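Have a look at coords.cif below; it lists mmCIF, C-alpha atoms.
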data_run
#
loop_
_atom_site.group_PDB
_atom_site.id
_atom_site.type_symbol
_atom_site.label_atom_id
_atom_site.label_comp_id
_atom_site.auth_asym_id
_atom_site.auth_seq_id
_atom_site.Cartn_x
_atom_site.Cartn_y
_atom_site.Cartn_z
ATOM 1 C CA MET A 6 -12.114 -145.682 -81.014
ATOM 2 C CA GLN A 7 -12.324 -149.232 -82.421
ATOM 3 C CA GLU A 8 -16.133 -149.043 -82.686
ATOM 4 C CA LEU A 9 -15.950 -146.008 -85.000
ATOM 5 C CA ILE A 10 -14.418 -147.974 -87.887
ATOM 6 C CA GLN A 11 -15.700 -150.972 -89.814
ATOM 7 C CA SER A 12 -14.056 -153.832 -87.937
ATOM 8 C CA SER A 13 -14.619 -156.185 -90.863
ATOM 9 C CA ARG A 14 -12.288 -154.021 -92.953
ATOM 10 C CA TYR A 15 -9.882 -152.373 -90.513
ATOM 11 C CA LYS A 16 -8.198 -153.078 -87.202
ATOM 12 C CA ILE A 17 -6.502 -150.576 -84.897
ATOM 13 C CA THR A 18 -3.360 -151.656 -83.065
ATOM 14 C CA SER A 19 -1.830 -149.544 -80.305
ATOM 15 C CA LEU A 20 1.953 -149.702 -80.325
ATOM 16 C CA SER A 21 3.749 -148.569 -77.172
ATOM 17 C CA VAL A 22 7.392 -147.574 -77.644
ATOM 18 C CA ASP A 23 9.954 -146.719 -74.986
ATOM 19 C CA SER A 24 13.501 -145.486 -75.561
ATOM 20 C CA ARG A 25 14.859 -147.795 -72.858
ATOM 21 C CA PHE A 26 14.141 -150.728 -75.181
ATOM 22 C CA ALA A 27 15.722 -149.175 -78.287
ATOM 23 C CA ASP A 28 17.714 -151.402 -80.624
ATOM 24 C CA GLN A 29 19.984 -148.504 -81.565
ATOM 25 C CA ASN A 30 20.590 -144.927 -80.454
ATOM 26 C CA TYR A 31 22.020 -142.250 -82.730
ATOM 27 C CA GLY A 32 24.126 -139.151 -82.162
ATOM 28 C CA ASN A 33 27.652 -138.446 -80.986
ATOM 29 C CA PRO A 34 27.527 -139.477 -78.223
ATOM 30 C CA PRO A 35 24.382 -141.604 -78.715
ATOM 31 C CA ASP A 36 21.281 -139.960 -77.273
ATOM 32 C CA THR A 37 17.835 -141.232 -76.309
ATOM 33 C CA SER A 38 16.226 -138.428 -78.347
ATOM 34 C CA ASP A 39 17.029 -140.361 -81.552
ATOM 35 C CA PHE A 40 16.498 -144.123 -81.556
ATOM 36 C CA LEU A 41 15.531 -147.111 -83.701
ATOM 37 C CA LEU A 42 13.120 -149.780 -82.542
ATOM 38 C CA ARG A 43 12.485 -152.983 -84.498
ATOM 39 C CA LEU A 44 9.097 -154.643 -84.057
ATOM 40 C CA PRO A 45 8.888 -158.287 -82.933
ATOM 41 C CA GLU A 46 7.015 -158.948 -86.191
ATOM 42 C CA PRO A 47 5.906 -156.638 -89.011
ATOM 43 C CA ILE A 48 2.524 -154.959 -88.756
ATOM 44 C CA LYS A 49 1.094 -155.553 -92.200
ATOM 45 C CA ASN A 50 -1.132 -153.535 -94.508
ATOM 46 C CA VAL A 51 -1.033 -150.347 -92.447
ATOM 47 C CA MET A 52 -3.025 -147.475 -93.941
ATOM 48 C CA ARG A 53 -2.646 -144.902 -91.194
ATOM 49 C CA ILE A 54 -0.323 -144.191 -88.274
ATOM 50 C CA ARG A 55 -1.208 -141.737 -85.533
ATOM 51 C CA LEU A 56 0.638 -140.463 -82.459
ATOM 52 C CA SER A 57 -1.820 -140.849 -79.580
ATOM 53 C CA SER A 58 0.405 -139.961 -76.616
ATOM 54 C CA ILE A 59 3.933 -139.000 -75.657
ATOM 55 C CA GLU A 60 5.613 -138.674 -72.279
ATOM 56 C CA ILE A 61 8.861 -136.673 -72.069
ATOM 57 C CA PRO A 62 10.744 -135.781 -68.872
ATOM 58 C CA PRO A 63 11.740 -132.083 -69.119
ATOM 59 C CA VAL A 64 15.475 -132.567 -68.673
ATOM 60 C CA GLU A 65 16.791 -130.649 -71.669
ATOM 61 C CA TYR A 66 19.144 -127.790 -70.751
ATOM 62 C CA THR A 67 18.236 -124.260 -71.786
ATOM 63 C CA PHE A 68 21.947 -123.394 -71.779
ATOM 64 C CA SER A 69 24.236 -125.898 -73.492
ATOM 65 C CA ALA A 70 27.127 -126.254 -75.905
ATOM 66 C CA GLU A 71 24.738 -127.566 -78.577
ATOM 67 C CA LYS A 72 22.652 -124.397 -78.301
ATOM 68 C CA GLY A 73 25.826 -122.289 -78.515
ATOM 69 C CA ASN A 74 24.753 -120.077 -75.618
ATOM 70 C CA ILE A 75 27.231 -120.713 -72.799
ATOM 71 C CA ALA A 76 30.317 -118.811 -73.940
ATOM 72 C CA GLY A 77 31.510 -115.377 -74.994
ATOM 73 C CA THR A 78 34.582 -113.168 -75.298
ATOM 74 C CA LEU A 79 35.560 -110.313 -73.005
ATOM 75 C CA VAL A 80 37.783 -107.432 -74.157
ATOM 76 C CA ASP A 81 39.056 -105.002 -71.505
ATOM 77 C CA ALA A 82 42.317 -103.449 -70.342
ATOM 78 C CA GLY A 83 43.653 -106.885 -69.517
ATOM 79 C CA GLY A 84 43.261 -108.129 -73.107
ATOM 80 C CA THR A 85 40.914 -110.467 -74.929
ATOM 81 C CA VAL A 86 39.791 -113.582 -73.076
ATOM 82 C CA SER A 87 37.064 -116.180 -73.458
ATOM 83 C CA PHE A 88 34.633 -117.011 -70.673
ATOM 84 C CA SER A 89 31.830 -119.532 -70.226
ATOM 85 C CA ILE A 90 29.086 -120.565 -67.839
ATOM 86 C CA SER A 91 28.153 -124.131 -66.951
ATOM 87 C CA GLU A 92 25.543 -126.013 -68.927
ATOM 88 C CA GLY A 93 22.170 -126.252 -67.213
ATOM 89 C CA ASN A 94 18.962 -124.417 -66.348
ATOM 90 C CA TYR A 95 18.986 -121.145 -64.439
ATOM 91 C CA SER A 96 16.746 -118.640 -62.758
ATOM 92 C CA THR A 97 17.486 -115.005 -63.617
ATOM 93 C CA THR A 98 19.288 -114.629 -60.283
ATOM 94 C CA THR A 99 21.467 -117.722 -60.660
ATOM 95 C CA LEU A 100 22.170 -116.794 -64.292
ATOM 96 C CA ALA A 101 23.429 -113.337 -63.262
ATOM 97 C CA ALA A 102 25.585 -114.950 -60.585
ATOM 98 C CA ALA A 103 27.018 -117.459 -63.076
ATOM 99 C CA VAL A 104 27.946 -114.727 -65.572
ATOM 100 C CA GLN A 105 29.554 -112.652 -62.810
ATOM 101 C CA THR A 106 31.608 -115.639 -61.673
ATOM 102 C CA ALA A 107 32.650 -116.463 -65.248
ATOM 103 C CA LEU A 108 33.789 -112.888 -65.978
ATOM 104 C CA ASN A 109 35.727 -112.536 -62.733
ATOM 105 C CA ALA A 110 37.408 -115.882 -63.379
ATOM 106 C CA VAL A 111 39.170 -114.378 -66.415
ATOM 107 C CA SER A 112 39.390 -110.717 -65.335
ATOM 108 C CA SER A 113 38.355 -108.738 -62.243
ATOM 109 C CA GLY A 114 35.961 -106.097 -60.945
ATOM 110 C CA TYR A 115 32.725 -107.313 -62.582
ATOM 111 C CA THR A 116 29.275 -107.285 -61.005
ATOM 112 C CA CYS A 117 26.077 -108.643 -62.571
ATOM 113 C CA GLY A 118 22.582 -107.958 -61.316
ATOM 114 C CA ILE A 119 18.909 -108.157 -62.230
ATOM 115 C CA ASP A 120 16.730 -105.046 -62.050
ATOM 116 C CA PRO A 121 13.780 -105.958 -59.779
ATOM 117 C CA VAL A 122 11.323 -103.905 -61.866
ATOM 118 C CA SER A 123 12.363 -104.346 -65.511
ATOM 119 C CA GLY A 124 13.922 -107.770 -65.025
ATOM 120 C CA ARG A 125 16.841 -106.759 -67.238
ATOM 121 C CA LEU A 126 20.403 -107.902 -66.568
ATOM 122 C CA SER A 127 23.253 -105.429 -66.126
ATOM 123 C CA ILE A 128 27.001 -105.966 -66.120
ATOM 124 C CA THR A 129 29.185 -103.367 -64.390
ATOM 125 C CA LYS A 130 32.975 -103.072 -64.117
ATOM 126 C CA SER A 131 34.550 -101.290 -61.175
ATOM 127 C CA SER A 132 36.455 -99.040 -63.598
ATOM 128 C CA GLY A 133 37.264 -98.840 -67.278
ATOM 129 C CA GLN A 134 35.505 -99.652 -70.522
ATOM 130 C CA PHE A 135 34.923 -103.179 -71.763
ATOM 131 C CA THR A 136 33.405 -105.025 -74.719
ATOM 132 C CA LEU A 137 31.475 -108.279 -74.668
ATOM 133 C CA ASN A 138 31.234 -110.441 -77.765
ATOM 134 C CA PHE A 139 28.197 -112.628 -77.244
ATOM 135 C CA GLY A 140 27.751 -114.426 -80.568
ATOM 136 C CA SER A 141 28.143 -118.200 -80.681
ATOM 137 C CA THR A 142 31.340 -119.679 -82.105
ATOM 138 C CA ASN A 143 29.075 -122.100 -83.996
ATOM 139 C CA ILE A 144 28.471 -120.335 -87.317
ATOM 140 C CA ASN A 145 25.117 -122.070 -87.770
ATOM 141 C CA VAL A 146 23.952 -120.616 -84.466
ATOM 142 C CA CYS A 147 25.607 -117.193 -84.793
ATOM 143 C CA SER A 148 24.024 -116.566 -88.203
ATOM 144 C CA ARG A 149 20.483 -116.790 -86.818
ATOM 145 C CA LYS A 150 18.283 -113.736 -86.457
ATOM 146 C CA THR A 151 17.371 -114.853 -82.935
ATOM 147 C CA HIS A 152 18.848 -117.278 -80.381
ATOM 148 C CA TRP A 153 22.305 -116.564 -81.858
ATOM 149 C CA GLY A 154 24.337 -116.973 -78.672
ATOM 150 C CA LEU A 155 24.687 -116.212 -74.976
ATOM 151 C CA GLY A 156 23.975 -112.509 -75.459
ATOM 152 C CA TYR A 157 20.520 -113.167 -76.878
ATOM 153 C CA PHE A 158 19.583 -115.273 -73.864
ATOM 154 C CA LEU A 159 20.990 -112.656 -71.478
ATOM 155 C CA GLY A 160 18.781 -110.017 -73.094
ATOM 156 C CA PHE A 161 21.440 -108.114 -75.075
ATOM 157 C CA ARG A 162 19.378 -107.963 -78.265
ATOM 158 C CA ILE A 163 20.036 -104.354 -79.233
ATOM 159 C CA PRO A 164 18.372 -103.929 -82.640
ATOM 160 C CA PHE A 165 19.379 -101.371 -85.246
ATOM 161 C CA VAL A 166 18.601 -100.697 -88.907
ATOM 162 C CA ASP A 167 21.487 -101.209 -91.333
ATOM 163 C CA SER A 168 22.109 -99.310 -94.580
ATOM 164 C CA SER A 169 19.757 -101.599 -96.500
ATOM 165 C CA GLY A 170 16.919 -100.928 -94.088
ATOM 166 C CA ALA A 171 17.048 -104.393 -92.502
ATOM 167 C CA VAL A 172 16.674 -104.738 -88.744
ATOM 168 C CA VAL A 173 19.622 -106.643 -87.256
ATOM 169 C CA THR A 174 20.870 -107.356 -83.751
ATOM 170 C CA MET A 175 24.316 -106.762 -82.297
ATOM 171 C CA ARG A 176 26.404 -109.753 -81.268
ATOM 172 C CA SER A 177 28.758 -107.490 -79.296
ATOM 173 C CA ILE A 178 28.291 -104.514 -77.017
ATOM 174 C CA THR A 179 30.701 -101.947 -75.567
ATOM 175 C CA SER A 180 30.101 -100.406 -72.168
ATOM 176 C CA THR A 181 29.203 -96.814 -71.511
ATOM 177 C CA ALA A 182 30.516 -95.538 -68.167
ATOM 178 C CA SER A 183 31.690 -99.056 -67.284
ATOM 179 C CA LYS A 184 28.198 -100.573 -67.596
ATOM 180 C CA VAL A 185 25.996 -102.425 -70.065
ATOM 181 C CA VAL A 186 22.287 -103.172 -69.632
ATOM 182 C CA GLY A 187 20.277 -105.792 -71.483
ATOM 183 C CA TYR A 188 17.663 -104.732 -73.993
ATOM 184 C CA ALA A 189 15.189 -107.321 -72.660
ATOM 185 C CA ALA A 190 14.820 -109.665 -69.716
ATOM 186 C CA PRO A 191 16.914 -112.849 -69.896
ATOM 187 C CA LEU A 192 15.405 -115.825 -71.678
ATOM 188 C CA ILE A 193 15.559 -118.733 -69.239
ATOM 189 C CA THR A 194 12.576 -120.852 -70.298
ATOM 190 C CA GLN A 195 12.934 -124.156 -72.088
ATOM 191 C CA ASN A 196 11.515 -124.919 -75.521
ATOM 192 C CA THR A 197 7.731 -124.700 -75.772
ATOM 193 C CA TYR A 198 7.539 -127.454 -78.374
ATOM 194 C CA TYR A 199 9.527 -130.192 -80.100
ATOM 195 C CA LEU A 200 9.294 -131.620 -83.592
ATOM 196 C CA MET A 201 9.094 -135.374 -83.989
ATOM 197 C CA GLN A 202 10.476 -137.046 -87.082
ATOM 198 C CA LEU A 203 9.299 -140.583 -87.804
ATOM 199 C CA GLN A 204 10.798 -143.011 -90.334
ATOM 200 C CA THR A 205 9.241 -146.389 -91.186
ATOM 201 C CA PRO A 206 11.854 -146.494 -92.862
ATOM 202 C CA GLU A 207 10.769 -143.649 -95.189
ATOM 203 C CA LEU A 208 10.361 -140.220 -93.576
ATOM 204 C CA LEU A 209 6.682 -139.527 -92.866
ATOM 205 C CA GLU A 210 5.841 -135.851 -93.312
ATOM 206 C CA THR A 211 2.601 -134.362 -92.041
ATOM 207 C CA ILE A 212 4.057 -131.044 -90.829
ATOM 208 C CA ARG A 213 6.339 -128.617 -92.615
ATOM 209 C CA HIS A 214 7.986 -126.428 -90.006
ATOM 210 C CA ARG A 215 8.961 -123.079 -91.503
ATOM 211 C CA VAL A 216 12.355 -121.689 -90.448
ATOM 212 C CA GLU A 217 14.361 -118.668 -91.588
ATOM 213 C CA GLY A 218 15.928 -118.439 -95.009
ATOM 214 C CA ASN A 219 12.703 -119.630 -96.636
ATOM 215 C CA ALA A 220 13.552 -123.170 -95.524
ATOM 216 C CA ALA A 221 11.399 -125.821 -93.877
ATOM 217 C CA ILE A 222 11.918 -128.884 -91.691
ATOM 218 C CA PRO A 223 9.770 -131.958 -92.436
ATOM 219 C CA ALA A 224 8.226 -133.591 -89.378
ATOM 220 C CA PHE A 225 5.621 -136.128 -88.396
ATOM 221 C CA ALA A 226 4.296 -134.240 -85.366
ATOM 222 C CA LYS A 227 4.620 -131.062 -83.347
ATOM 223 C CA ILE A 228 4.808 -131.880 -79.632
ATOM 224 C CA ILE A 229 3.422 -129.158 -77.382
ATOM 225 C CA LEU A 230 5.345 -128.820 -74.103
ATOM 226 C CA LYS A 231 3.378 -127.364 -71.226
ATOM 227 C CA ASN A 232 5.305 -127.814 -67.998
ATOM 228 C CA ASN A 233 8.364 -125.614 -68.619
ATOM 229 C CA GLY A 234 10.765 -127.830 -66.725
ATOM 230 C CA PHE A 235 8.401 -129.057 -64.021
ATOM 231 C CA GLY A 236 6.878 -132.525 -64.058
ATOM 232 C CA ILE A 237 6.506 -134.831 -67.060
ATOM 233 C CA ASP A 238 5.383 -133.271 -70.330
ATOM 234 C CA MET A 239 2.496 -135.357 -71.639
ATOM 235 C CA ASP A 240 0.915 -134.647 -75.011
ATOM 236 C CA ASP A 241 -2.263 -136.738 -75.029
ATOM 237 C CA ASN A 242 -3.360 -135.507 -78.473
ATOM 238 C CA SER A 243 -6.122 -133.403 -76.933
ATOM 239 C CA ASN A 244 -5.053 -130.367 -78.985
ATOM 240 C CA ASP A 245 -5.780 -129.839 -82.673
ATOM 241 C CA VAL A 246 -2.209 -130.208 -83.930
ATOM 242 C CA TRP A 247 -2.189 -132.904 -86.624
ATOM 243 C CA LYS A 248 -0.216 -136.024 -85.657
ATOM 244 C CA GLU A 249 -1.342 -138.555 -88.236
ATOM 245 C CA PHE A 250 -0.049 -139.882 -91.539
ATOM 246 C CA THR A 251 -2.074 -141.749 -94.182
ATOM 247 C CA PHE A 252 -0.162 -143.994 -96.573
ATOM 248 C CA LEU A 253 -0.986 -144.001 -100.278
ATOM 249 C CA ALA A 254 -1.267 -147.785 -100.207
ATOM 250 C CA PRO A 255 -1.239 -150.507 -97.533
ATOM 251 C CA THR A 256 2.286 -150.625 -96.061
ATOM 252 C CA ASN A 257 4.162 -153.112 -93.901
ATOM 253 C CA ILE A 258 5.964 -151.600 -90.909
ATOM 254 C CA SER A 259 8.778 -153.531 -89.279
ATOM 255 C CA GLN A 260 10.695 -150.735 -87.555
ATOM 256 C CA LEU A 261 10.388 -147.158 -86.324
ATOM 257 C CA ARG A 262 13.099 -144.543 -86.062
ATOM 258 C CA ILE A 263 11.971 -141.692 -83.840
ATOM 259 C CA LYS A 264 13.837 -138.418 -83.477
ATOM 260 C CA LEU A 265 13.046 -135.298 -81.415
ATOM 261 C CA LEU A 266 14.203 -131.912 -82.734
ATOM 262 C CA ASP A 267 14.167 -128.398 -81.332
ATOM 263 C CA PRO A 268 12.494 -125.528 -83.253
ATOM 264 C CA PHE A 269 15.689 -125.022 -85.288
ATOM 265 C CA GLY A 270 15.800 -128.663 -86.363
ATOM 266 C CA VAL A 271 18.680 -129.564 -84.037
ATOM 267 C CA PRO A 272 18.343 -132.898 -82.164
ATOM 268 C CA ILE A 273 17.572 -132.224 -78.530
ATOM 269 C CA ARG A 274 19.847 -133.667 -75.874
ATOM 270 C CA LEU A 275 18.246 -136.038 -73.397
ATOM 271 C CA THR A 276 21.508 -137.953 -72.802
ATOM 272 C CA THR A 277 20.389 -141.138 -71.014
ATOM 273 C CA THR A 278 16.928 -139.969 -69.934
ATOM 274 C CA ASP A 279 14.250 -142.266 -71.333
ATOM 275 C CA TRP A 280 10.864 -141.304 -72.722
ATOM 276 C CA SER A 281 7.902 -143.078 -74.275
ATOM 277 C CA ALA A 282 5.114 -142.709 -76.830
ATOM 278 C CA THR A 283 2.087 -144.570 -78.171
ATOM 279 C CA PHE A 284 1.156 -144.938 -81.824
ATOM 280 C CA GLU A 285 -2.125 -146.140 -83.294
ATOM 281 C CA LEU A 286 -1.830 -148.120 -86.524
ATOM 282 C CA THR A 287 -4.873 -148.778 -88.698
ATOM 283 C CA GLU A 288 -4.504 -152.081 -90.552
ATOM 284 C CA VAL A 289 -6.494 -153.290 -93.539
ATOM 285 C CA VAL A 290 -7.818 -156.778 -92.724
ATOM 286 C CA ASN A 291 -10.243 -157.253 -95.611
ATOM 287 C CA SER A 292 -8.813 -158.546 -98.914
ATOM 288 C CA HIS A 293 -11.432 -156.765 -101.021
ATOM 289 C CA THR A 294 -10.648 -153.458 -99.311
ATOM 290 C CA TYR A 295 -6.930 -154.133 -99.758
ATOM 291 C CA ASP A 296 -7.379 -154.738 -103.515
ATOM 292 C CA THR A 297 -9.534 -151.642 -103.902
ATOM 293 C CA LEU A 298 -6.995 -149.433 -102.131
ATOM 294 C CA ASN A 299 -4.115 -150.805 -104.195
ATOM 295 C CA LYS A 300 -6.050 -150.302 -107.442
ATOM 296 C CA THR A 301 -6.869 -146.740 -106.434
ATOM 297 C CA TYR A 302 -3.201 -146.034 -105.758
ATOM 298 C CA SER A 303 -2.042 -147.655 -108.998
ATOM 299 C CA MET A 304 -4.372 -145.421 -110.988
#
I need this file expressed as structure tokens, please.
Amino acid sequence: MQELIQSSRYKITSLSVDSRFADQNYGNPPDTSDFLLRLPEPIKNVMRIRLSSIEIPPVEYTFSAEKGNIAGTLVDAGGTVSFSISEGNYSTTTLAAAVQTALNAVSSGYTCGIDPVSGRLSITKSSGQFTLNFGSTNINVCSRKTHWGLGYFLGFRIPFVDSSGAVVTMRSITSTASKVVGYAAPLITQNTYYLMQLQTPELLETIRHRVEGNAAIPAFAKIILKNNGFGIDMDDNSNDVWKEFTFLAPTNISQLRIKLLDPFGVPIRLTTTDWSATFELTEVVNSHTYDTLNKTYSM
């Protein structure tokens, strides 16, 4: 792309970054999804920064404590007890088996299965009524309209209209004839996209990601994930999603802080798995152009 700009005025530098060479990782515990990288020397008079590629191993868990979707509460004749499944990624069959094991670890007589036609999950007790509370114990997760806990991912999204006319979903369900059946097939796929935040050190915003409650998350780029847990996800910027920021005036960049978020704005968990990206920086190398841009900004 160098030949498409006036080389007497601008220069394009490709900057390759890799989390394994981070100067600092953030999070508790520190995670490779949020890191700071200081440049060997500042790149001066930058007018534009663009994400040209990103390579992310698909290791994020669909079911995790951070997502608030691995635990629930069971109420039956034996009392009220909590249960949980292990963090990780599941098929519908292994998910049903994990839930069955978790329920029988705290009570007895439970069977979980997947209907081969509808794909919906059912939970059956050998005898007696039971109630499952599926909402997350994390209030920020439980208050969501969707993805509010284990029940949502298992397919127990029974909607109803409340007295105000709003459609809501039940976080708990009580069995009829010792059985409950999911409203939809379990959700076992990983995220279809991430949000990237970039600070240089100010936060660069080119995307405003709308979330519920009339709120928005500022981001530098939306990263489209295509492999759904298989192979390396590589966004080579071949789609039309904007991944470029233009500064109001020539800016010196000496460090980058890069953070990956899920669709709810929660940092994803890559633990110690490393990933990489490439940025293109357009530098002003002509003093007359530099003065003109600064004058334009000052006006």
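Pairwise distance (CA of Leu275 (chain A), CA of Ser148 (chain A)) equals 25.1 Å.
With only C-alpha atoms as the atoms that count, the minimum distance from Ile54 (chain A) to the choices A:Ile258, A:Ile222, A:Val290, A:Val80 is reached by A:Ile258.
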Give me the residues within 12 Å of Arg176 (chain A) as a PyMOL selection string, counting only C-alpha atoms and dropping any in the same chain fewer than 4 places off. chain A and resi 74+77-78+136-142+146-165
Proximity check region 56-92 of chain A to region 106-113 of chain A, 8 Å, nearest pairs one decimal Å, all atoms listed in the file, as a tab-separated table:
residue	atom	partner	partner_atom	distance
A:Leu79	CA	A:Leu108	CA	7.7
A:Gly83	CA	A:Ser112	CA	7.1
A:Val86	CA	A:Val111	CA	6.7
A:Ser87	CA	A:Val111	CA	7.6
A:Phe88	CA	A:Ala107	CA	5.8
A:Ser89	CA	A:Ala107	CA	5.9
A:Ile90	CA	A:Ala107	CA	6.0
Take the residues just selected and output them with C-alpha atoms as an mmCIF file, in the coordinates of the input.
data_model
loop_
_atom_site.group_PDB
_atom_site.id
_atom_site.type_symbol
_atom_site.label_atom_id
_atom_site.label_comp_id
_atom_site.auth_asym_id
_atom_site.auth_seq_id
_atom_site.Cartn_x
_atom_site.Cartn_y
_atom_site.Cartn_z
ATOM 1 C CA LEU A 79 35.560 -110.313 -73.005
ATOM 2 C CA GLY A 83 43.653 -106.885 -69.517
ATOM 3 C CA VAL A 86 39.791 -113.582 -73.076
ATOM 4 C CA SER A 87 37.064 -116.180 -73.458
ATOM 5 C CA PHE A 88 34.633 -117.011 -70.673
ATOM 6 C CA SER A 89 31.830 -119.532 -70.226
ATOM 7 C CA ILE A 90 29.086 -120.565 -67.839
#
Starting from the shown file, work through the PyMOL selection byres ((chain A and resi 251) around 10) and note down what comes out as number ranges by chain. A: 51-55, 209-211, 249-250, 252-255, 286-287
Excluding same-chain residues fewer than 4 positions from Ile263 (chain A), what lies within 6 Å of it counting all atoms listed in the file, as an MDAnalysis selection string? chainID A and resid 39:40 202:203
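Residues with any atom within 7 Å of region 180-187 of chain A, counting only C-alpha atoms and excluding same-chain neighbours fewer than 5 positions away, are A:Arg125, A:Leu126, A:Ser127, A:Ile128, A:Thr129, A:Lys130, A:Ser132, A:Gly133, A:Gln134, A:Phe135, A:Thr136, A:Leu159, A:Gly160, A:Phe161.
Relative to CA of Asn196 (chain A), CA of Ala221 (chain A) is found at 18.4 Å.
Closest approach to Leu261 (chain A) among A:Leu56, A:Ile61, A:Val22, A:Ala70 is made by A:Val22 (distances from only C-alpha atoms).
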I need the residue nearest Lys227 (chain A) from this list: A:Gly32, A:Gln204, A:Leu266, A:Leu192. Use all atoms listed in the file for the distance. A:Leu266
